[in-house]
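One structure is given below, encoded as structure tokens.
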There are 2 protein chains.
Amino acid sequence: MVNPIDPTATGFLLAENRNMPMHVGGLQLFEKPEGAGRGYVREMYEQMRDVEEIAPLFLQHPHRSLRTAGQLVWQPDEQFDIEHHVRHSALPKPGRVRELFELCSRLHSTRLAWERPLWEATIIEGLRDGRVAMYTKTHHALVDGVSAMRLLASVLSTDPDERDMPAPWAKRPGAPRPVQHDPPADVSLADVSAQTVRTALAIASEAAGMPGALVRTLNRSVRNETSALSLYAPRTILNQNITGSRRFAAQDWPIERLRAVGRASGTTINDVVLAMVSGAIRAYLLELDALPETTLVSMVPVGLKAKESHLASSDGGNAVGSVMVQLGTHLSDPADRLAAIHRSMSDGKQGLSAMTPTQVLAMSALGQAPAILAPVLRMQGIVRPPYNLIVSNVPGPRTTHYWNGARLVGTYPLSIPINGMALNITCTSYDGKMCFGLTGCRRTVPRLQLMLGHLDAELTALERAAGV
Amino acid sequence: MVNPIDPTATGFLLAENRNMPMHVGGLQLFEKPEGAGRGYVREMYEQMRDVEEIAPLFLQHPHRSLRTAGQLVWQPDEQFDIEHHVRHSALPKPGRVRELFELCSRLHSTRLAWERPLWEATIIEGLRDGRVAMYTKTHHALVDGVSAMRLLASVLSTDPDERDMPAPWAKRPGAPRPVQHDPPADVSLADVSAQTVRTALAIASEAAGMPGALVRTLNRSVRNETSALSLYAPRTILNQNITGSRRFAAQDWPIERLRAVGRASGTTINDVVLAMVSGAIRAYLLELDALPETTLVSMVPVGLKAKESHLASSDGGNAVGSVMVQLGTHLSDPADRLAAIHRSMSDGKQGLSAMTPTQVLAMSALGQAPAILAPVLRMQGIVRPPYNLIVSNVPGPRTTHYWNGARLVGTYPLSIPINGMALNITCTSYDGKMCFGLTGCRRTVPRLQLMLGHLDAELTALERAAGV
């Protein structure tokens with residue numbers, strides 16, 4: 001019952017250290033169903049805990065021994081202890097969102113132990129508005145942001161009256177239900193399956209292991225000056241080594257507001273997301289007197305139609321690539337920033353479509369796994385940060401969903417800061433909302449929560465500029 | 001402002017790994033003062049957090065670099081972030097002691113990060129009886145159990161009306177107040193200062209570094225057959241490698257009950273503590289069908305009068321030694337077990353007094369720092385566990401104490417399980433109570449909380465046997 005661990009997962013396991021845990025997280029907010037009693041949260045916790053059988057993915061842990069010739073393998077946990085993995089916690093009074101973020105920050109700061117399956121879930125009570133929160137934490141060797149979102153979606157229902165629904169880690173008979181994740185037409189990473197992302201990543205870890213022809217390609221790519229490839233990002237306070245403790249903040253805005261700005265300005269929702277981030281980071285760095293004179297560059301994973309990319313992914317779907325988007329943080333006008341982002345993103349996508357499949361893979365590898373690639377880059381004499389931060393956008397369900405009657409009102413990703421990349425912003429669209437999750441190194445990115453106010457102000461400024 | 005780290009502390013830092021964090025913990029329970037408002041716990045948290053100046057011990061973190069020639073040094077944390085260290089948390093409903101133990105278990109399971117000062121404190125609300133809990137966690141490189149107890153005691157007052165009292169980590173003008181820790185006459189570790197323990201420990205880490213004459217002495221000692229030195233303990237489920245997650249349980253009993261048993265049976269309070277442990281472990285191992293045929297051996301740190309030990313400690317006080325006490329777990333009668341323990345303890349103390357100073361130091365080193373010494377022992381071909389568990393007894397204040405009007409009603413130690421020693425039982429006497437803290441590896445010591453019931457049953461059985 002021992003399974004080999006694929007090179008990508010191995011890469012994430014080996015890249016991990018105390019300052020750089022390699023798990024992704026998710027914060028879900030639920031509204032209790034009508035008529036929920038005083039003990040509702042405990043019942044929800046017990047439903048999550050008392051599953052009949054755990055899915056194999058959530059039962060395996062990494063193992064390495066003489067018998068495996070020193071290779072990391074997946075091995076089932078013979079002493080699986082569900083109470084270690086599914087936890088019940090509470091917020092201190094007054095139970096504001098602030099207390100919730102603090103708890104999530106702490107939970108996201110601790111590493112998963114290899115002697116057990118690499119996941120935890122915490123059901124959280126004590127929000128003063130009566131909502132229930134769930135924080136989940138899963139090692140990047142098991143899932144990435146996209147597959148984590150799908151997994152969650154696969155146990156939700158659009159029917160508020162459905163009951164006896166399984167926990168995400170429960171083994172389900174037959175194949176998992178198809179996920180309703182139809183993304184808005186202009187949101188990226190549209191139909192990219194987790195497997196595709198993983199395939200691309202496998203290249204990265206192979207590259208790290210044997211820097212041959214691929215690395216030479218990569219090396220040429222990263223020195224190329226097209227905007228898809230430009231790696232001339234300025235140094236910022238975000239591009240330092242990090243510590244192991246995290247700071248998390250999250251908020252959502254109606255997608256309709258973003259769409260209106262996009263429509264009025266001839267840009268996409270994703271462009272508007274990036275413009276919000278650009279304005280917010282500009283304001284944040286200005287306050288800290290740390291804004292560089294040249295624009296910050298964001299790595300943005302994008303979905304590519306197979307035809308455009310000349311590259312069919314293993315499941316016949318689309319491939320994923322990365323675009324280096326110049327955020328225009330040096331521009332003082334919100335409309336100028338949005339226009340610059342739109343241009344940079346268009347150029348980048350064109351650049352990607354002109355690349356060879358290997359170049360696309362190398363770029364996406366670079367984007368997805370900089371922690372793994374960093375030594376390779378250093379070896380090639382590339383010491384400037386290839387980009388300043390990662391902003392990704394993972395589509396989620398478009399309609400209201402429920403878990404055993406509890407209405408999901410928001411879902412916010414917690415991602416992985418790494419050395420040199422202390423801030424990660426990941427968005428999830430859900431039920432008409434664009435949910436932002438900001439994850440930073442607690443020391444390197446002080447007062448991260450200020451950025452929420454800046455994001456809000458920037459959306460308002462963009463609306464004003466676009467005349468909506 | 002860089003200070004060298006003494007060899008003992010270095011030993012604790014270097015012995016640490018993910019499965020074996022080297023921090024000691026404490027759980028304190030407080031009753032709110034009369035008239036405390038709804039926001040009392042938050043106010044208490046803020047008082048703990050908002051200290052004017054932090055004591056140097058709590059500002060330093062370990063650092064190693066080229067500039068320090070690879071040596072570990074203490075360095076002040078230039079970006080000290082009190083909110084990382086002092087935290088506010090809550091228990092989920094129903095807020096029983098069970099939920100408190102679960103939270104403490106989790107908090108005790110995570111490692112302290114070296115890039116920050118090596119301590120944390122969490123103020124915990126949500127106990128249904130209205131009490132407030134505080135869990136503290138301090139690296140063994142900073143304090144041991146005795147000095148942690150003293151530090152806490154030094155900020156408490158016997159005056160319920162005293163206010164403006166500092167947090168334990170606040171810098172205080174002048175020397176710390178003398179600690180009222182007069183132990184009951186028959187409780188061990190009586191006047192042993194932390195410094196003494198540390199001096200003894202330094203030997204251990206030196207021994208690990210250069211196994212010369214001292215190791216030969218140690219080697220002779222551990223093969224000696226007197227009960228103070230016997231290291232022929234049976235293998236038990238407690239003597240396996242451990243994982244990084246912990247299980248904690250605690251309870252207290254009136255010292256008067258223990259004293260009555262001791263008086264009626266001609267034994268000491270400490271003997272009765274050990275007899276409670278013996279009976280509880282016997283019952284626990286019987287349930288798991290894992291009781292060895294021969295007696296379990298406990299390492300028990302004891303205070304030695306300087307005259308007896310032929311050894312003045314560095315501060316002119318008493319020295320500390322270790323006795324290997326045969327717990328009599330193979331005996332079915334509680335009175336027989338108590339008698340066996342009393343005999344073994346007496347023999348052990350006599351044996352210690354006959355030892356040379358170096359032998360005493362070697363023994364105590366062995367007892368206090370088995371994690372450090374383990375490689376040395378293995379090198380000497382000693383592969384059986386030298387003992388099965390550690391039971392220590394740290395005297396605390398004898399009278400009721402307060403912190404800013406909040407009455408301390410109990411104080412329970414959380415200690416350090418290590419590979420081969422998965423369970424640690426530490427007691428603290430306070431205000432007429434004997435407070436037991438049981439800390440085990442979550443995987444190796446299943447259902448640890450059952451031992452609380454066994455301890456209680458054993459005390460009752462001892463009372464019946466002694467006719468009190």
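Chain labels follow the order of the structure tokens: the first chain is A, the next B, and so on; residue numbering restarts at 1 in every chain, and ligands are counted from 1 in their shown order.
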
Point to revise | Expected answer as a ChimeraX atom specification: alpha helix (DSSP H) residues in stretch 29-167 of chain B | key: /B:40-49,82-85,97-109,145-154

Practice item. For chain B, list the residues within 10 Å of chain A, counting only C-alpha atoms, and write the list as a ChimeraX atom specification. Key: /B:18-19,38-39,41-42,79-81,83-84,87-95,99,102-103,106,109-116,123-126,243-246,442-443

Keeping only C-alpha atoms, write those residues as a CSV table (one decimal), in the first residue's frame.
chain,number,residue,atom,x,y,z
B,18,ARG,CA,10.1,18.7,14.9
B,19,ASN,CA,9.1,15.7,16.9
B,38,ARG,CA,-17.9,41.4,30.8
B,39,GLY,CA,-14.7,42.5,29.1
B,41,VAL,CA,-10.5,38.7,30.1
B,42,ARG,CA,-9.8,41.1,27.3
B,79,GLN,CA,11.7,43.8,15.4
B,80,PHE,CA,10.1,42.5,18.6
B,81,ASP,CA,6.4,42.0,18.1
B,83,GLU,CA,1.3,40.5,19.6
B,84,HIS,CA,3.1,37.5,18.3
B,87,ARG,CA,-2.2,35.9,22.5
B,88,HIS,CA,-5.9,35.9,23.3
B,89,SER,CA,-7.9,32.7,22.6
B,90,ALA,CA,-11.2,31.1,23.6
B,91,LEU,CA,-12.7,27.6,24.2
B,92,PRO,CA,-15.6,26.3,22.1
B,93,LYS,CA,-18.8,25.5,24.0
B,94,PRO,CA,-19.5,23.8,26.3
B,95,GLY,CA,-16.2,25.2,27.7
B,99,GLU,CA,-11.9,21.7,25.8
B,102,GLU,CA,-7.4,20.1,24.0
B,103,LEU,CA,-6.4,23.6,23.4
B,106,ARG,CA,-2.4,21.8,20.5
B,109,SER,CA,2.6,20.8,20.1
B,110,THR,CA,4.0,23.6,18.0
B,111,ARG,CA,7.6,24.7,18.0
B,112,LEU,CA,8.9,28.1,18.9
B,113,ALA,CA,10.6,29.9,16.0
B,114,TRP,CA,14.2,30.8,16.5
B,115,GLU,CA,13.9,34.1,14.7
B,116,ARG,CA,11.9,35.4,17.6
B,123,ILE,CA,-4.9,34.1,27.7
B,124,ILE,CA,-7.9,31.8,27.4
B,125,GLU,CA,-11.6,32.7,27.9
B,126,GLY,CA,-14.7,30.6,27.6
B,243,THR,CA,5.7,12.3,17.3
B,244,GLY,CA,5.5,16.1,17.6
B,245,SER,CA,1.9,16.3,18.8
B,246,ARG,CA,1.0,16.3,22.5
B,442,ARG,CA,-0.4,12.1,21.4
B,443,ARG,CA,0.3,9.0,19.4

Practice item. Would you mind listing what lies within 8 Å of A:Met451 as a list of chain:residue names, with only C-alpha atoms counted and same-chain residues fewer than 5 positions away left out? Key: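 Within the cut-off, the hits are A:Ala280, A:Ile281, A:Tyr284.
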
Please save N, CA and C atoms of the selected residues as a PDB file, in the first residue's frame.
ATOM      1  N   ALA A 280      -3.783  49.300  -4.290  1.00  0.00           N
ATOM      2  CA  ALA A 280      -3.660  49.012  -2.858  1.00  0.00           C
ATOM      3  C   ALA A 280      -2.189  48.890  -2.456  1.00  0.00           C
ATOM      4  N   ILE A 281      -1.406  48.225  -3.284  1.00  0.00           N
ATOM      5  CA  ILE A 281       0.015  48.059  -2.948  1.00  0.00           C
ATOM      6  C   ILE A 281       0.740  49.390  -3.036  1.00  0.00           C
ATOM      7  N   TYR A 284      -0.095  51.224   0.081  1.00  0.00           N
ATOM      8  CA  TYR A 284       0.560  50.567   1.208  1.00  0.00           C
ATOM      9  C   TYR A 284       2.049  50.897   1.241  1.00  0.00           C
TER      10      TYR A 284
END

Practice item. Rank nothing, just name the residue among B:Leu452, B:Met434, B:Leu27, B:Leu331 nearest to B:Pro292, using only C-alpha atoms. Key: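 Checking each of B:Leu452, B:Met434, B:Leu27, B:Leu331 against B:Pro292, counting only C-alpha atoms, the winner is B:Leu331.
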
Point to revise | Given only C-alpha atoms as the counted atoms, nearest of A:Glu52, A:Asp6, A:Asp77, A:Glu162 to A:Ala406 | key: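 Among A:Glu52, A:Asp6, A:Asp77, A:Glu162, it is A:Glu162 that comes nearest to A:Ala406.
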
Exercise for review: Find the residues around B:Glu34 up to 12 Å (only C-alpha atoms counted), leave out those fewer than 5 positions away in its own chain, and share them as a ChimeraX atom specification.
Suggested key: /B:40,130,160-161,404-407

Selected residues written out with N, CA, C and O atoms, as a PDB file, in the first residue's frame:
ATOM      1  N   TYR B  40     -13.655  41.494  31.090  1.00  0.00           N
ATOM      2  CA  TYR B  40     -12.512  41.282  31.986  1.00  0.00           C
ATOM      3  C   TYR B  40     -11.352  40.543  31.320  1.00  0.00           C
ATOM      4  O   TYR B  40     -10.192  40.927  31.471  1.00  0.00           O
ATOM      5  N   GLY B 130     -16.492  30.200  34.376  1.00  0.00           N
ATOM      6  CA  GLY B 130     -16.127  31.606  34.490  1.00  0.00           C
ATOM      7  C   GLY B 130     -14.658  31.857  34.807  1.00  0.00           C
ATOM      8  O   GLY B 130     -14.222  33.003  34.840  1.00  0.00           O
ATOM      9  N   PRO B 160      -5.040  40.464  47.657  1.00  0.00           N
ATOM     10  CA  PRO B 160      -6.034  40.483  46.569  1.00  0.00           C
ATOM     11  C   PRO B 160      -6.342  41.890  46.073  1.00  0.00           C
ATOM     12  O   PRO B 160      -6.936  42.032  45.006  1.00  0.00           O
ATOM     13  N   ASP B 161      -5.956  42.901  46.841  1.00  0.00           N
ATOM     14  CA  ASP B 161      -6.280  44.268  46.432  1.00  0.00           C
ATOM     15  C   ASP B 161      -5.153  44.944  45.674  1.00  0.00           C
ATOM     16  O   ASP B 161      -5.309  46.071  45.198  1.00  0.00           O
ATOM     17  N   ASN B 404      -3.195  40.944  40.092  1.00  0.00           N
ATOM     18  CA  ASN B 404      -4.123  42.072  39.886  1.00  0.00           C
ATOM     19  C   ASN B 404      -5.545  41.734  40.306  1.00  0.00           C
ATOM     20  O   ASN B 404      -6.508  42.067  39.609  1.00  0.00           O
ATOM     21  N   GLY B 405      -5.657  41.056  41.444  1.00  0.00           N
ATOM     22  CA  GLY B 405      -6.975  40.748  41.991  1.00  0.00           C
ATOM     23  C   GLY B 405      -7.547  39.416  41.540  1.00  0.00           C
ATOM     24  O   GLY B 405      -8.498  38.911  42.129  1.00  0.00           O
ATOM     25  N   ALA B 406      -6.987  38.842  40.464  1.00  0.00           N
ATOM     26  CA  ALA B 406      -7.469  37.530  40.011  1.00  0.00           C
ATOM     27  C   ALA B 406      -6.802  36.458  40.863  1.00  0.00           C
ATOM     28  O   ALA B 406      -5.579  36.423  40.984  1.00  0.00           O
ATOM     29  N   ARG B 407      -7.612  35.578  41.458  1.00  0.00           N
ATOM     30  CA  ARG B 407      -7.080  34.579  42.374  1.00  0.00           C
ATOM     31  C   ARG B 407      -6.569  33.380  41.589  1.00  0.00           C
ATOM     32  O   ARG B 407      -7.307  32.775  40.815  1.00  0.00           O
TER      33      ARG B 407
END

Point to revise | Nearest to B:Gly351, chosen from B:Met324, B:Asp431, B:Arg64, B:Ser332, with only C-alpha atoms counted in the distances | key: B:Met324
